[in-house]
Amino acid sequence: MIIKTVTGAGYGDEGKGLMTDYFCDILHNHKVLNVKVNGGAQAGHTVCRLDKESGQYKHWVFRQYGSGTFAEADTYLLDTFMVNFSELLAERKMLKEIYNITTKLYIDKRCRVTLPSDVVMNRCVEEHRTHRHGSCGLGIYETFHRNNDFEAITVRDLIKKFIDNNEVKFENYLYELAKSYITYRACEVYKTDNINISNIEMEKMLKQIEAMNKEFIEAFVEIIRSNDIEFVESLDSIVCKKEYGALVFECSQGLELDQYNERNFPHLTPSNTGLMDIAHAIEDNKLLNNSDIENCFVTRSYKTKHGAGFFIEENSDLQFQFNLYDRTNHRNQYQGTLKYGHLLFGRMKKLIFNQVDYFNYRIKDTGCKTMLSLSITHLDQTNECLVLESGLVNCRDMKFETFDKVYKSFGEKASDIIV
């Protein structure tokens with residue numbers, strides 16, 4: 001088995017979609033399964049591609065479908081992923097209508113489910129905060145918190161609830177769960193954050209959730225009935241049954257936002273953004289023993305951050321100095337405007353090697369061979385230079401001895417990458 005992993009080395013927005021598309025494309029002849037590792041519908045991985053046969057220009061911000069979709073890779077949502085069925089159906093429909101995708105999507109039944117109540121509560125709390133936490137407003141933290149501390153709902157649980165009840169009872173179940181969770185959370189955020197959610201506001205939220213629940217159920221039913229989406233028990237069952245020859249693990253967010261990154265607390269995402277979950281998946285799957293693994297960490301030639309929180313690297317002059325732009329991360333009410341800064345290369349390497357040390361320790365008995373690579377994107381925007389705290393350094397003058405391979409991207413497409 002050939003395995004590639006793609007991990008962001010910063011605060012997200014590094015170019016993980018680009019590298020995932022690249023790996024899925026070069027491994028196309030091996031039959032590729034693109035594994036989405038963590039996060040949920042809040043992910044936004046951009047892929048731009050000029051189709052070789054039709055000449056059609058493709059541009060998409062992938063959220064719950066893998067970024068290797070244009071390269072005809074099937075997608076697998078790992079059990080550490082959070083599924084939002086309403087958003088998933090919308091993405092599926094648009095990909096089919098615009099680009100006529102025919103790839104398969106597999107959903108691990110152990111995935112946690114983002115409910116409409118999670119989304120609404122997330123937005124309410126974030127809008128009440130004096131100091132924002134940097135949420136995307138898609139219910140990720142609430143999904144995590146509800147599953148850990150209130151009532152866990154996995155895909156398997158949801159399917160069982162739906163089968164055991166008629167649609168009216170199922171809708172009532174979702175509503176009563178929302179009502180009890182919102183009451184619980186309103187008391188909690190009052191105690192912890194001094195946020196006062198009035199009864200009138202809670203009633204408005206419940207009416208909104210009631211309407212969203214209907215859409216959620218319609219999306220869930222349509223996905224169950226679709227022939228290109230399949231609910232499965234585990235990754236190894238699919239790898240064995242479908243005879244995939246290559247896996248490309250695609251992480252969301254970046255190492256600076258990992259849930260265990262104490263420096264940036266509380267402005268973190270509630271998941272492991274690095275290699276931890278991938279190591280567990282490989283360790284638990286005997287079919288992946290003796291694989292050739294390349295762990296690729298991605299950074300821009302400068303650093304970006306979208307959302308609230310600590311950003312010691314920030315340098316607002318860089319945007320104007322290099323005329324920096326981003327087609328994906330537009331200003332929004334939850335994350336504000338994308339910010340730019342210089343790279344702290346030493347810190348980035350420390351974060352990377354912490355991940356690699358853990359990964360190698362976990363898979364030491366699997367017989368796998370590993371290599372480490374670095375991908376530097378957006379070099380076309382900075383004239384082939386890395387924007388470091390000490391100043392500009394041409395990429396050709398940098399020493400990357402600790403990496404087995406370095407990818408350099410001078411554009412938005414996989415074809416713009418050189419090794």
# chains A, B, ... in the order shown; residues from 1 in each chain; ligands from 1
>>> residues_around(residues="Ile293 of chain A", least_positions_apart="4", cutoff="9 Å", atoms="only C-alpha atoms", output="number ranges by chain")
A: 1-5, 368-372
>>> select_by_dssp(residues="segment 277-311 of chain A", states="helix (DSSP H, G or I)", output="short mmCIF file (atom, residue, chain, number, x, y, z; two decimals) with N, CA and C atoms, in the first residue's frame")
data_model
loop_
_atom_site.label_atom_id
_atom_site.label_comp_id
_atom_site.auth_asym_id
_atom_site.auth_seq_id
_atom_site.Cartn_x
_atom_site.Cartn_y
_atom_site.Cartn_z
N ASP A 277 -4.52 10.78 14.68
CA ASP A 277 -5.62 9.90 14.25
C ASP A 277 -5.20 8.99 13.10
N ILE A 278 -4.31 9.48 12.25
CA ILE A 278 -3.82 8.66 11.14
C ILE A 278 -2.97 7.51 11.68
N ALA A 279 -2.13 7.80 12.67
CA ALA A 279 -1.30 6.75 13.28
C ALA A 279 -2.17 5.65 13.86
N HIS A 280 -3.26 6.04 14.54
CA HIS A 280 -4.17 5.05 15.11
C HIS A 280 -4.82 4.22 14.02
N ALA A 281 -5.22 4.85 12.93
CA ALA A 281 -5.87 4.13 11.83
C ALA A 281 -4.93 3.12 11.20
N ILE A 282 -3.67 3.50 11.03
CA ILE A 282 -2.68 2.58 10.43
C ILE A 282 -2.34 1.47 11.40
N GLU A 283 -2.18 1.83 12.66
CA GLU A 283 -1.83 0.85 13.69
C GLU A 283 -2.92 -0.21 13.84
N LYS A 286 -4.34 -4.04 9.93
CA LYS A 286 -3.25 -4.92 9.52
C LYS A 286 -3.02 -4.89 8.01
N LEU A 287 -4.04 -4.51 7.25
CA LEU A 287 -3.89 -4.42 5.80
C LEU A 287 -2.90 -3.32 5.40
N LEU A 288 -2.65 -2.39 6.33
CA LEU A 288 -1.75 -1.27 6.04
C LEU A 288 -0.33 -1.52 6.54
#
>>> select_by_dssp(residues="segment 10-236 of chain A", states="strand (DSSP E or B)", output="PyMOL selection string")
chain A and resi 32-36+45-50+57-62+74-77+82-83+105-108+112-113+154+229-232
>>> residues_around(residues="segment 84-86 of chain A", least_positions_apart="6", cutoff="12 Å", atoms="only C-alpha atoms", output="PyMOL selection string")
chain A and resi 39-43+63-65+77+92-93+107+111-119+138-140+143+153-155+158+212-224+229
>>> residues_around(residues="segment 12-21 of chain A", least_positions_apart="5", cutoff="7 Å", atoms="only C-alpha atoms", output="list in words")
Val6, Thr7, His45, Thr46, Val47, Ser67, Gly68, Ala71, Val248, Glu250, Gln253, Gly254, Val298, Thr299, Arg300, Thr377, Lys413 and Ala414 of chain A
>>> write_last_selection(atoms="C-alpha atoms", output="PDB file, in the first residue's frame")
ATOM      1  CA  VAL A   6      -1.318  15.885   4.012  1.00  0.00           C
ATOM      2  CA  THR A   7      -1.163  18.088   7.110  1.00  0.00           C
ATOM      3  CA  HIS A  45      -9.854  23.045   0.828  1.00  0.00           C
ATOM      4  CA  THR A  46      -9.508  24.703  -2.550  1.00  0.00           C
ATOM      5  CA  VAL A  47      -8.672  22.763  -5.707  1.00  0.00           C
ATOM      6  CA  SER A  67      -9.872  17.226  -2.395  1.00  0.00           C
ATOM      7  CA  GLY A  68      -8.859  14.329  -4.658  1.00  0.00           C
ATOM      8  CA  ALA A  71      -8.595  13.287  -9.715  1.00  0.00           C
ATOM      9  CA  VAL A 248      -4.233   9.815   0.766  1.00  0.00           C
ATOM     10  CA  GLU A 250      -6.296  14.641   4.228  1.00  0.00           C
ATOM     11  CA  GLN A 253      -7.061  22.978   9.814  1.00  0.00           C
ATOM     12  CA  GLY A 254      -3.381  23.128  10.862  1.00  0.00           C
ATOM     13  CA  VAL A 298       2.157  22.114   3.978  1.00  0.00           C
ATOM     14  CA  THR A 299       2.931  25.786   4.507  1.00  0.00           C
ATOM     15  CA  ARG A 300       2.558  28.906   2.437  1.00  0.00           C
ATOM     16  CA  THR A 377       2.812  26.949  -1.658  1.00  0.00           C
ATOM     17  CA  LYS A 413      -2.967  23.986  -9.786  1.00  0.00           C
ATOM     18  CA  ALA A 414      -1.233  20.659  -9.131  1.00  0.00           C
TER      19      ALA A 414
END
>>> closest_residue(among="A:Phe320, A:Tyr11, A:Tyr141, A:Tyr325", to="Asn264 of chain A", atoms="only C-alpha atoms")
A:Tyr11
>>> residues_around(residues="Thr183 of chain A", least_positions_apart="4", cutoff="12 Å", atoms="only C-alpha atoms", output="PDB file with N, CA and C atoms, in the first residue's frame")
ATOM      1  N   SER A 117     -29.225  21.784  15.814  1.00  0.00           N
ATOM      2  CA  SER A 117     -29.125  22.443  17.123  1.00  0.00           C
ATOM      3  C   SER A 117     -27.684  22.813  17.448  1.00  0.00           C
ATOM      4  N   MET A 121     -26.769  26.750  18.093  1.00  0.00           N
ATOM      5  CA  MET A 121     -26.197  27.084  19.392  1.00  0.00           C
ATOM      6  C   MET A 121     -24.802  27.662  19.235  1.00  0.00           C
ATOM      7  N   PHE A 150     -22.920  15.562  26.854  1.00  0.00           N
ATOM      8  CA  PHE A 150     -24.386  15.594  26.963  1.00  0.00           C
ATOM      9  C   PHE A 150     -24.998  14.313  26.383  1.00  0.00           C
ATOM     10  N   GLU A 176     -36.747  17.455  20.708  1.00  0.00           N
ATOM     11  CA  GLU A 176     -36.629  17.344  22.167  1.00  0.00           C
ATOM     12  C   GLU A 176     -35.162  17.334  22.598  1.00  0.00           C
ATOM     13  N   LEU A 177     -34.316  16.692  21.801  1.00  0.00           N
ATOM     14  CA  LEU A 177     -32.887  16.703  22.091  1.00  0.00           C
ATOM     15  C   LEU A 177     -32.350  18.130  22.006  1.00  0.00           C
ATOM     16  N   ALA A 178     -32.766  18.860  20.976  1.00  0.00           N
ATOM     17  CA  ALA A 178     -32.336  20.252  20.815  1.00  0.00           C
ATOM     18  C   ALA A 178     -32.792  21.103  21.992  1.00  0.00           C
ATOM     19  N   LYS A 179     -34.032  20.918  22.385  1.00  0.00           N
ATOM     20  CA  LYS A 179     -34.591  21.709  23.486  1.00  0.00           C
ATOM     21  C   LYS A 179     -33.812  21.474  24.781  1.00  0.00           C
ATOM     22  N   CYS A 187     -27.493  27.481  30.443  1.00  0.00           N
ATOM     23  CA  CYS A 187     -27.057  27.544  31.856  1.00  0.00           C
ATOM     24  C   CYS A 187     -25.535  27.491  31.942  1.00  0.00           C
ATOM     25  N   GLU A 188     -24.932  26.656  31.128  1.00  0.00           N
ATOM     26  CA  GLU A 188     -23.483  26.473  31.187  1.00  0.00           C
ATOM     27  C   GLU A 188     -22.736  27.733  30.770  1.00  0.00           C
ATOM     28  N   VAL A 189     -23.121  28.341  29.630  1.00  0.00           N
ATOM     29  CA  VAL A 189     -22.374  29.513  29.153  1.00  0.00           C
ATOM     30  C   VAL A 189     -22.619  30.734  30.052  1.00  0.00           C
ATOM     31  N   TYR A 190     -23.731  30.744  30.774  1.00  0.00           N
ATOM     32  CA  TYR A 190     -23.954  31.815  31.745  1.00  0.00           C
ATOM     33  C   TYR A 190     -22.943  31.712  32.888  1.00  0.00           C
ATOM     34  N   ASN A 196     -25.711  35.653  28.724  1.00  0.00           N
ATOM     35  CA  ASN A 196     -27.109  35.517  29.136  1.00  0.00           C
ATOM     36  C   ASN A 196     -28.000  35.363  27.897  1.00  0.00           C
ATOM     37  N   ILE A 197     -28.495  34.148  27.677  1.00  0.00           N
ATOM     38  CA  ILE A 197     -29.408  33.879  26.563  1.00  0.00           C
ATOM     39  C   ILE A 197     -30.829  33.903  27.108  1.00  0.00           C
ATOM     40  N   SER A 198     -31.622  34.867  26.663  1.00  0.00           N
ATOM     41  CA  SER A 198     -32.964  35.059  27.207  1.00  0.00           C
ATOM     42  C   SER A 198     -33.917  33.951  26.742  1.00  0.00           C
ATOM     43  N   ASN A 199     -35.040  33.830  27.440  1.00  0.00           N
ATOM     44  CA  ASN A 199     -36.065  32.844  27.052  1.00  0.00           C
ATOM     45  C   ASN A 199     -36.630  33.151  25.665  1.00  0.00           C
ATOM     46  N   GLU A 201     -35.052  34.595  23.212  1.00  0.00           N
ATOM     47  CA  GLU A 201     -34.046  34.188  22.227  1.00  0.00           C
ATOM     48  C   GLU A 201     -34.034  32.673  22.057  1.00  0.00           C
ATOM     49  N   MET A 202     -34.195  31.943  23.152  1.00  0.00           N
ATOM     50  CA  MET A 202     -34.222  30.485  23.073  1.00  0.00           C
ATOM     51  C   MET A 202     -35.420  29.993  22.273  1.00  0.00           C
ATOM     52  N   GLU A 203     -36.564  30.658  22.431  1.00  0.00           N
ATOM     53  CA  GLU A 203     -37.747  30.277  21.651  1.00  0.00           C
ATOM     54  C   GLU A 203     -37.516  30.503  20.155  1.00  0.00           C
ATOM     55  N   MET A 205     -34.619  30.446  18.672  1.00  0.00           N
ATOM     56  CA  MET A 205     -33.667  29.421  18.254  1.00  0.00           C
ATOM     57  C   MET A 205     -34.371  28.098  17.985  1.00  0.00           C
ATOM     58  N   LEU A 206     -35.303  27.735  18.861  1.00  0.00           N
ATOM     59  CA  LEU A 206     -36.008  26.457  18.704  1.00  0.00           C
ATOM     60  C   LEU A 206     -36.889  26.452  17.455  1.00  0.00           C
TER      61      LEU A 206
END
>>> atom_distance(atom1="atom CA of Ile163 of chain A", atom2="atom CA of Leu95 of chain A")
28.9 Å
>>> decode(residues="segment 231-252 of chain A", atoms="N, CA and C atoms", output="mmCIF file, in the first residue's frame")
data_model
loop_
_atom_site.group_PDB
_atom_site.id
_atom_site.type_symbol
_atom_site.label_atom_id
_atom_site.label_comp_id
_atom_site.auth_asym_id
_atom_site.auth_seq_id
_atom_site.Cartn_x
_atom_site.Cartn_y
_atom_site.Cartn_z
ATOM 1 N N PHE A 231 -22.697 3.823 3.863
ATOM 2 C CA PHE A 231 -22.321 3.784 5.275
ATOM 3 C C PHE A 231 -21.584 2.479 5.540
ATOM 4 N N VAL A 232 -20.412 2.571 6.174
ATOM 5 C CA VAL A 232 -19.570 1.381 6.340
ATOM 6 C C VAL A 232 -19.089 1.264 7.788
ATOM 7 N N GLU A 233 -18.608 0.065 8.115
ATOM 8 C CA GLU A 233 -18.197 -0.231 9.487
ATOM 9 C C GLU A 233 -16.801 0.272 9.816
ATOM 10 N N SER A 234 -15.883 0.187 8.860
ATOM 11 C CA SER A 234 -14.500 0.553 9.166
ATOM 12 C C SER A 234 -13.706 0.756 7.881
ATOM 13 N N LEU A 235 -12.561 1.388 8.024
ATOM 14 C CA LEU A 235 -11.693 1.651 6.883
ATOM 15 C C LEU A 235 -11.148 0.363 6.288
ATOM 16 N N ASP A 236 -10.737 -0.588 7.146
ATOM 17 C CA ASP A 236 -10.121 -1.802 6.620
ATOM 18 C C ASP A 236 -11.085 -2.628 5.770
ATOM 19 N N SER A 237 -12.386 -2.584 6.103
ATOM 20 C CA SER A 237 -13.358 -3.345 5.319
ATOM 21 C C SER A 237 -13.452 -2.824 3.890
ATOM 22 N N ILE A 238 -13.337 -1.512 3.724
ATOM 23 C CA ILE A 238 -13.421 -0.908 2.395
ATOM 24 C C ILE A 238 -12.120 -1.113 1.622
ATOM 25 N N VAL A 239 -10.991 -0.946 2.287
ATOM 26 C CA VAL A 239 -9.698 -1.140 1.628
ATOM 27 C C VAL A 239 -9.599 -2.556 1.072
ATOM 28 N N CYS A 240 -10.054 -3.520 1.855
ATOM 29 C CA CYS A 240 -10.006 -4.927 1.439
ATOM 30 C C CYS A 240 -11.003 -5.212 0.318
ATOM 31 N N LYS A 241 -12.233 -4.755 0.501
ATOM 32 C CA LYS A 241 -13.317 -5.080 -0.430
ATOM 33 C C LYS A 241 -13.123 -4.410 -1.788
ATOM 34 N N LYS A 242 -12.684 -3.182 -1.790
ATOM 35 C CA LYS A 242 -12.607 -2.398 -3.031
ATOM 36 C C LYS A 242 -11.223 -2.427 -3.670
ATOM 37 N N GLU A 243 -10.264 -3.051 -3.014
ATOM 38 C CA GLU A 243 -8.923 -3.233 -3.566
ATOM 39 C C GLU A 243 -8.237 -1.920 -3.939
ATOM 40 N N TYR A 244 -8.248 -0.983 -2.994
ATOM 41 C CA TYR A 244 -7.527 0.275 -3.208
ATOM 42 C C TYR A 244 -6.026 0.015 -3.080
ATOM 43 N N GLY A 245 -5.248 0.700 -3.907
ATOM 44 C CA GLY A 245 -3.803 0.533 -3.871
ATOM 45 C C GLY A 245 -3.075 1.692 -3.231
ATOM 46 N N ALA A 246 -3.800 2.790 -2.971
ATOM 47 C CA ALA A 246 -3.170 3.970 -2.372
ATOM 48 C C ALA A 246 -4.188 4.701 -1.502
ATOM 49 N N LEU A 247 -3.717 5.213 -0.384
ATOM 50 C CA LEU A 247 -4.533 6.027 0.508
ATOM 51 C C LEU A 247 -3.890 7.408 0.634
ATOM 52 N N VAL A 248 -4.701 8.448 0.517
ATOM 53 C CA VAL A 248 -4.233 9.815 0.766
ATOM 54 C C VAL A 248 -5.060 10.372 1.916
ATOM 55 N N PHE A 249 -4.419 10.487 3.079
ATOM 56 C CA PHE A 249 -5.085 11.034 4.261
ATOM 57 C C PHE A 249 -5.029 12.555 4.214
ATOM 58 N N GLU A 250 -6.183 13.183 4.338
ATOM 59 C CA GLU A 250 -6.296 14.641 4.228
ATOM 60 C C GLU A 250 -6.775 15.224 5.556
ATOM 61 N N CYS A 251 -5.873 15.926 6.242
ATOM 62 C CA CYS A 251 -6.233 16.562 7.511
ATOM 63 C C CYS A 251 -6.865 17.927 7.264
ATOM 64 N N SER A 252 -7.610 18.400 8.253
ATOM 65 C CA SER A 252 -8.209 19.730 8.189
ATOM 66 C C SER A 252 -7.538 20.651 9.204
#
